[in-house]
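**Q** Structure provided below as structure tokens; questions to follow.
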Amino acid sequence: MIGWRARVGVIVPGSNFTLEPECYKMVPEGVSVHFSRLTPGGSTPEHFDRMFEEVSRAANELREADVIGFGCTSGSLYRGLGYDQEIIKRMQRVSNKPCTTVATAVVQALREMDIRKPCVATPYTDWVNQLEKKFLEESGFVVLHIGGLGLDIDKITNLTPDIAYRQARRVDRPGADGIFISCTGFRTVEILDILEKDLGKPVISSNQALMWALLKLADVKGPVLGFGKLLTKL
């Protein structure tokens, strides 16, 4: 039986070609991952609004999964505190399954790792960075520094993991008790363990946090090794 421990559903932005392979890398034995893709687009308010309108359709396609996650970081927070909960309600209404979003998962993951003063590395343009900073601060965190690469989504998905590594080191500040690398299109999972060793502090990435949250929702227990300390806490 496919997914004999759990079947995980993930809604993927149409221009994102990173989230699916990263999920396959992190998924433990006996858990299967299944995807529904949204209409491709860029990092604009109009595109984020369109993703929200497509959430019901995508969640309905994944309704046979055990749990469902909305796989866009900025798209799940861009309307501010509480917007992620609106997306969750919309997904749950059509699927009747436990659901989460990346923004929700990141907040939970930062708290799980006792990160209160993060620095944030992103590939985003400044307007998205400011929305993310506001969301995190309204969620109770002190963002010591946030820095982006100024890229749109169609450029982000082609970046290599070393760029995420260097960006994380670039934004780090002495007072930070952890690093958050944002964006499900940003390749990160290969460098999380190395980055934690080099910086001496926990590192959360969007895709790692989403997988952690989905596995917790599915009640899958046991550490997943090789992708940062967060996944060892299942």
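Following the order of the structure tokens, first chain is A, next is B, and so on, with residues numbered from 1 inside each chain and ligands from 1 in the order they appear.
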When you look at Thr160 (chain A) with a cut-off of 10 Å (counting only C-alpha atoms), what residues show up, excluding the ones that are within fewer than 4 positions of it in the same chain? I need them as a list in words.
**A**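 That gives Ile156, Ala164, Tyr165, Phe186, Arg187, Thr188 and Glu190 of chain A.
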**Q** Print the selection's residues with C-alpha atoms to a file, as a PDB file, in the first residue's frame.
**A**
ATOM      1  CA  ILE A 156      14.182  31.689  -7.562  1.00  0.00           C
ATOM      2  CA  ALA A 164      20.874  29.888   0.145  1.00  0.00           C
ATOM      3  CA  TYR A 165      23.867  28.985   2.320  1.00  0.00           C
ATOM      4  CA  PHE A 186      14.531  28.352  -2.640  1.00  0.00           C
ATOM      5  CA  ARG A 187      16.652  25.171  -2.546  1.00  0.00           C
ATOM      6  CA  THR A 188      17.764  24.674   1.043  1.00  0.00           C
ATOM      7  CA  GLU A 190      20.943  20.007   1.305  1.00  0.00           C
TER       8      GLU A 190
END
**Q** Near Pro123 (chain A), counting only C-alpha atoms, which residues have an atom at most 10 Å away, once you skip same-chain residues fewer than 4 positions from it, shown as a PyMOL selection string?
**A** chain A and resi 128-129+147-153+155-157+159+163-164+167+181-183+185-186
**Q** Those same residues, written as an mmCIF file, in the first residue's frame with C-alpha atoms?
**A**
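Okay, this is what ended up in part-v3.cif:
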data_model
loop_
_atom_site.group_PDB
_atom_site.id
_atom_site.type_symbol
_atom_site.label_atom_id
_atom_site.label_comp_id
_atom_site.auth_asym_id
_atom_site.auth_seq_id
_atom_site.Cartn_x
_atom_site.Cartn_y
_atom_site.Cartn_z
ATOM 1 C CA VAL A 128 7.665 40.918 0.109
ATOM 2 C CA ASN A 129 10.414 41.049 2.748
ATOM 3 C CA GLY A 147 17.764 40.374 3.589
ATOM 4 C CA GLY A 148 16.633 39.320 0.118
ATOM 5 C CA LEU A 149 18.061 38.752 -3.341
ATOM 6 C CA GLY A 150 15.451 40.841 -5.162
ATOM 7 C CA LEU A 151 14.202 38.010 -7.387
ATOM 8 C CA ASP A 152 10.830 37.013 -8.805
ATOM 9 C CA ILE A 153 9.585 33.433 -8.461
ATOM 10 C CA LYS A 155 14.240 33.108 -11.101
ATOM 11 C CA ILE A 156 14.182 31.689 -7.562
ATOM 12 C CA THR A 157 13.487 28.102 -8.522
ATOM 13 C CA LEU A 159 19.000 28.924 -7.682
ATOM 14 C CA ILE A 163 23.262 30.567 -2.747
ATOM 15 C CA ALA A 164 20.874 29.888 0.145
ATOM 16 C CA GLN A 167 22.543 34.342 1.919
ATOM 17 C CA ILE A 181 15.418 30.794 5.174
ATOM 18 C CA SER A 182 12.154 31.724 3.479
ATOM 19 C CA CYS A 183 10.509 30.590 0.212
ATOM 20 C CA GLY A 185 11.116 27.772 -4.262
ATOM 21 C CA PHE A 186 14.531 28.352 -2.640
#
**Q** Among region 120-224 of chain A, which residues carry a DSSP assignment of strand (DSSP E or B), reported as JSON, numbers by chain?
**A** {"A": [120, 121, 145, 146, 147, 178, 179, 180, 181, 203, 204, 205]}
**Q** Any chance you could export the current selection's C-alpha atoms as a PDB file, in the first residue's frame?
**A**
ATOM      1  CA  VAL A 120      15.674  35.987   7.886  1.00  0.00           C
ATOM      2  CA  ALA A 121      17.246  35.136   4.521  1.00  0.00           C
ATOM      3  CA  HIS A 145      17.622  41.459  10.214  1.00  0.00           C
ATOM      4  CA  ILE A 146      15.999  40.410   6.943  1.00  0.00           C
ATOM      5  CA  GLY A 147      17.764  40.374   3.589  1.00  0.00           C
ATOM      6  CA  GLY A 178      18.292  31.209  14.826  1.00  0.00           C
ATOM      7  CA  ILE A 179      17.979  31.665  11.071  1.00  0.00           C
ATOM      8  CA  PHE A 180      14.887  31.358   8.906  1.00  0.00           C
ATOM      9  CA  ILE A 181      15.418  30.794   5.174  1.00  0.00           C
ATOM     10  CA  VAL A 203      18.121  26.944  10.957  1.00  0.00           C
ATOM     11  CA  ILE A 204      14.550  26.706   9.705  1.00  0.00           C
ATOM     12  CA  SER A 205      13.605  26.655   6.030  1.00  0.00           C
TER      13      SER A 205
END
**Q** One number please: CA of Pro45 (chain A) to CA of Arg79 (chain A), in Å, one decimal.
**A** 9.2 Å
**Q** What is the distance between CA of Phe48 (chain A) and CA of Val10 (chain A), in Å to one decimal?
**A** 16.8 Å
**Q** Check the smallest atom-to-atom distance from each of A:Val102, A:Val27, A:Ala168, A:Ala218 to Asp198 (chain A) using only C-alpha atoms, then report the winner.
**A** A:Ala168
**Q** Work out how far apart CA of Gly9 (chain A) and CA of Cys119 (chain A) are and give it in Å to one decimal.
**A**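 These atoms are spaced 29.5 Å apart.
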**Q** Which residue is closest to Asp114 (chain A)? Choose from A:Gly3, A:Gly228, A:Pro174, A:Pro202 and count only C-alpha atoms.
**A**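 Of the candidates, the smallest distance to Asp114 (chain A) is held by A:Pro202.
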**Q** What's the 10 Å shell around Ala213 (chain A), counting only C-alpha atoms, without same-chain residues fewer than 5 positions away, as a list of chain:residue names?
**A** A:Val67, A:Gly69, A:Cys99, A:Thr100, A:Thr101, A:Val102, A:Thr104, A:Ala105, A:Val106, A:Gln108, A:Ala109, A:Asn207, A:Gln208, A:Ala218, A:Asp219, A:Leu231, A:Leu234
**Q** Show which residues sit within 8 Å of Phe35 (chain A), as a PDB file with N, CA and C atoms, in the first residue's frame. Count only C-alpha atoms, and ignore same-chain residues fewer than 2 positions away.
**A**
ATOM      1  N   GLY A   9      -0.588  15.538   1.372  1.00  0.00           N
ATOM      2  CA  GLY A   9      -0.904  16.339   0.197  1.00  0.00           C
ATOM      3  C   GLY A   9      -0.293  17.721   0.302  1.00  0.00           C
ATOM      4  N   VAL A  10       0.250  18.223  -0.802  1.00  0.00           N
ATOM      5  CA  VAL A  10       0.883  19.547  -0.812  1.00  0.00           C
ATOM      6  C   VAL A  10       0.402  20.324  -2.032  1.00  0.00           C
ATOM      7  N   ILE A  11      -0.058  21.549  -1.796  1.00  0.00           N
ATOM      8  CA  ILE A  11      -0.457  22.452  -2.872  1.00  0.00           C
ATOM      9  C   ILE A  11       0.758  23.295  -3.260  1.00  0.00           C
ATOM     10  N   VAL A  12       1.132  23.241  -4.540  1.00  0.00           N
ATOM     11  CA  VAL A  12       2.389  23.833  -5.006  1.00  0.00           C
ATOM     12  C   VAL A  12       2.117  25.010  -5.947  1.00  0.00           C
ATOM     13  N   GLU A  20       8.513  20.098  -4.685  1.00  0.00           N
ATOM     14  CA  GLU A  20       8.244  18.658  -4.841  1.00  0.00           C
ATOM     15  C   GLU A  20       9.499  17.803  -4.605  1.00  0.00           C
ATOM     16  N   VAL A  33       3.931  11.385  -0.687  1.00  0.00           N
ATOM     17  CA  VAL A  33       3.606  12.806  -0.873  1.00  0.00           C
ATOM     18  C   VAL A  33       2.932  12.975  -2.228  1.00  0.00           C
ATOM     19  N   ARG A  37      -0.991  21.354  -8.334  1.00  0.00           N
ATOM     20  CA  ARG A  37      -0.281  22.569  -8.744  1.00  0.00           C
ATOM     21  C   ARG A  37      -1.267  23.688  -9.072  1.00  0.00           C
ATOM     22  N   LEU A  62      -6.840  16.946  -3.495  1.00  0.00           N
ATOM     23  CA  LEU A  62      -6.019  16.197  -2.537  1.00  0.00           C
ATOM     24  C   LEU A  62      -6.832  15.652  -1.369  1.00  0.00           C
TER      25      LEU A  62
END
**Q** So which residues of region 7-209 of chain A fall under alpha helix (DSSP H) by DSSP, listed as a VMD selection string?
**A** chain A and resid 19 to 26 45 to 61 83 to 95 102 to 112 126 to 138 153 to 156 161 to 171 192 to 199 206 to 209
**Q** Selection from above, C-alpha atoms, as a JSON list (two decimals), in the first residue's frame, can you write it?
**A**
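The new file out_2.json reads:
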[["chain", "number", "residue", "atom", "x", "y", "z"],
["A", 19, "LEU", "CA", 9.12, 22.06, -3.38],
["A", 20, "GLU", "CA", 8.24, 18.66, -4.84],
["A", 21, "PRO", "CA", 11.80, 17.22, -5.04],
["A", 22, "GLU", "CA", 12.66, 18.63, -1.60],
["A", 23, "CYS", "CA", 9.60, 16.97, -0.09],
["A", 24, "TYR", "CA", 10.61, 13.64, -1.66],
["A", 25, "LYS", "CA", 14.06, 13.97, -0.07],
["A", 26, "MET", "CA", 12.73, 14.59, 3.44],
["A", 45, "PRO", "CA", -0.62, 40.74, -5.11],
["A", 46, "GLU", "CA", -2.72, 39.72, -8.10],
["A", 47, "HIS", "CA", -0.97, 36.35, -8.27],
["A", 48, "PHE", "CA", -1.30, 35.79, -4.50],
["A", 49, "ASP", "CA", -5.03, 36.56, -4.75],
["A", 50, "ARG", "CA", -5.39, 34.09, -7.60],
["A", 51, "MET", "CA", -3.66, 31.39, -5.55],
["A", 52, "PHE", "CA", -6.17, 31.96, -2.76],
["A", 53, "GLU", "CA", -9.03, 31.58, -5.22],
["A", 54, "GLU", "CA", -7.56, 28.27, -6.45],
["A", 55, "VAL", "CA", -7.03, 26.81, -2.97],
["A", 56, "SER", "CA", -10.43, 25.11, -2.82],
["A", 57, "ARG", "CA", -9.94, 23.38, -6.15],
["A", 58, "ALA", "CA", -6.45, 22.18, -5.21],
["A", 59, "ALA", "CA", -7.50, 20.98, -1.74],
["A", 60, "ASN", "CA", -10.42, 19.11, -3.28],
["A", 61, "GLU", "CA", -8.02, 17.30, -5.60],
["A", 83, "TYR", "CA", -4.45, 35.18, 6.62],
["A", 84, "ASP", "CA", -2.87, 31.74, 6.95],
["A", 85, "GLN", "CA", -5.84, 30.68, 9.08],
["A", 86, "GLU", "CA", -8.23, 31.83, 6.35],
["A", 87, "ILE", "CA", -6.41, 29.58, 3.88],
["A", 88, "ILE", "CA", -6.53, 26.67, 6.31],
["A", 89, "LYS", "CA", -10.28, 27.08, 6.79],
["A", 90, "ARG", "CA", -10.83, 27.14, 3.04],
["A", 91, "MET", "CA", -8.78, 23.94, 2.58],
["A", 92, "GLN", "CA", -10.48, 22.15, 5.45],
["A", 93, "ARG", "CA", -13.94, 23.10, 4.24],
["A", 94, "VAL", "CA", -13.55, 21.13, 1.00],
["A", 95, "SER", "CA", -11.24, 18.34, 2.21],
["A", 102, "VAL", "CA", 3.93, 27.33, 5.27],
["A", 103, "ALA", "CA", 3.46, 30.53, 7.29],
["A", 104, "THR", "CA", 1.67, 28.57, 10.02],
["A", 105, "ALA", "CA", 4.34, 25.87, 10.01],
["A", 106, "VAL", "CA", 7.20, 28.38, 10.20],
["A", 107, "VAL", "CA", 5.74, 30.10, 13.26],
["A", 108, "GLN", "CA", 5.29, 26.71, 14.95],
["A", 109, "ALA", "CA", 8.80, 25.60, 13.98],
["A", 110, "LEU", "CA", 10.46, 28.77, 15.29],
["A", 111, "ARG", "CA", 8.67, 28.27, 18.60],
["A", 112, "GLU", "CA", 9.58, 24.58, 18.69],
["A", 126, "ASP", "CA", 11.91, 44.22, -0.67],
["A", 127, "TRP", "CA", 8.12, 44.62, -0.60],
["A", 128, "VAL", "CA", 7.67, 40.92, 0.11],
["A", 129, "ASN", "CA", 10.41, 41.05, 2.75],
["A", 130, "GLN", "CA", 8.60, 43.84, 4.56],
["A", 131, "LEU", "CA", 5.34, 41.86, 4.56],
["A", 132, "GLU", "CA", 7.15, 38.85, 5.97],
["A", 133, "LYS", "CA", 8.93, 40.89, 8.64],
["A", 134, "LYS", "CA", 5.60, 42.40, 9.72],
["A", 135, "PHE", "CA", 3.95, 38.98, 9.88],
["A", 136, "LEU", "CA", 6.73, 37.48, 11.99],
["A", 137, "GLU", "CA", 6.82, 40.44, 14.36],
["A", 138, "GLU", "CA", 3.04, 40.37, 14.77],
["A", 153, "ILE", "CA", 9.59, 33.43, -8.46],
["A", 154, "ASP", "CA", 10.60, 32.30, -11.96],
["A", 155, "LYS", "CA", 14.24, 33.11, -11.10],
["A", 156, "ILE", "CA", 14.18, 31.69, -7.56],
["A", 161, "PRO", "CA", 21.67, 25.50, -2.56],
["A", 162, "ASP", "CA", 25.02, 27.26, -2.10],
["A", 163, "ILE", "CA", 23.26, 30.57, -2.75],
["A", 164, "ALA", "CA", 20.87, 29.89, 0.14],
["A", 165, "TYR", "CA", 23.87, 28.98, 2.32],
["A", 166, "ARG", "CA", 25.69, 32.23, 1.53],
["A", 167, "GLN", "CA", 22.54, 34.34, 1.92],
["A", 168, "ALA", "CA", 21.88, 32.83, 5.35],
["A", 169, "ARG", "CA", 25.42, 33.62, 6.49],
["A", 170, "ARG", "CA", 25.13, 37.12, 5.06],
["A", 171, "VAL", "CA", 22.01, 38.00, 7.07],
["A", 192, "LEU", "CA", 20.64, 22.86, 6.59],
["A", 193, "ASP", "CA", 22.82, 20.50, 8.63],
["A", 194, "ILE", "CA", 26.02, 22.16, 7.42],
["A", 195, "LEU", "CA", 24.67, 25.64, 8.08],
["A", 196, "GLU", "CA", 23.63, 24.75, 11.62],
["A", 197, "LYS", "CA", 27.11, 23.40, 12.33],
["A", 198, "ASP", "CA", 28.85, 26.44, 10.84],
["A", 199, "LEU", "CA", 26.64, 29.01, 12.56],
["A", 206, "SER", "CA", 10.14, 26.93, 4.51],
["A", 207, "ASN", "CA", 10.09, 23.43, 3.03],
["A", 208, "GLN", "CA", 11.60, 21.81, 6.11],
["A", 209, "ALA", "CA", 9.06, 23.51, 8.37]]
**Q** Please determine, counting only C-alpha atoms, which residue among A:Ile68, A:Leu38, A:Leu144, A:Met1 has the shortest atom-to-atom distance to Lys216 (chain A).
**A** A:Ile68
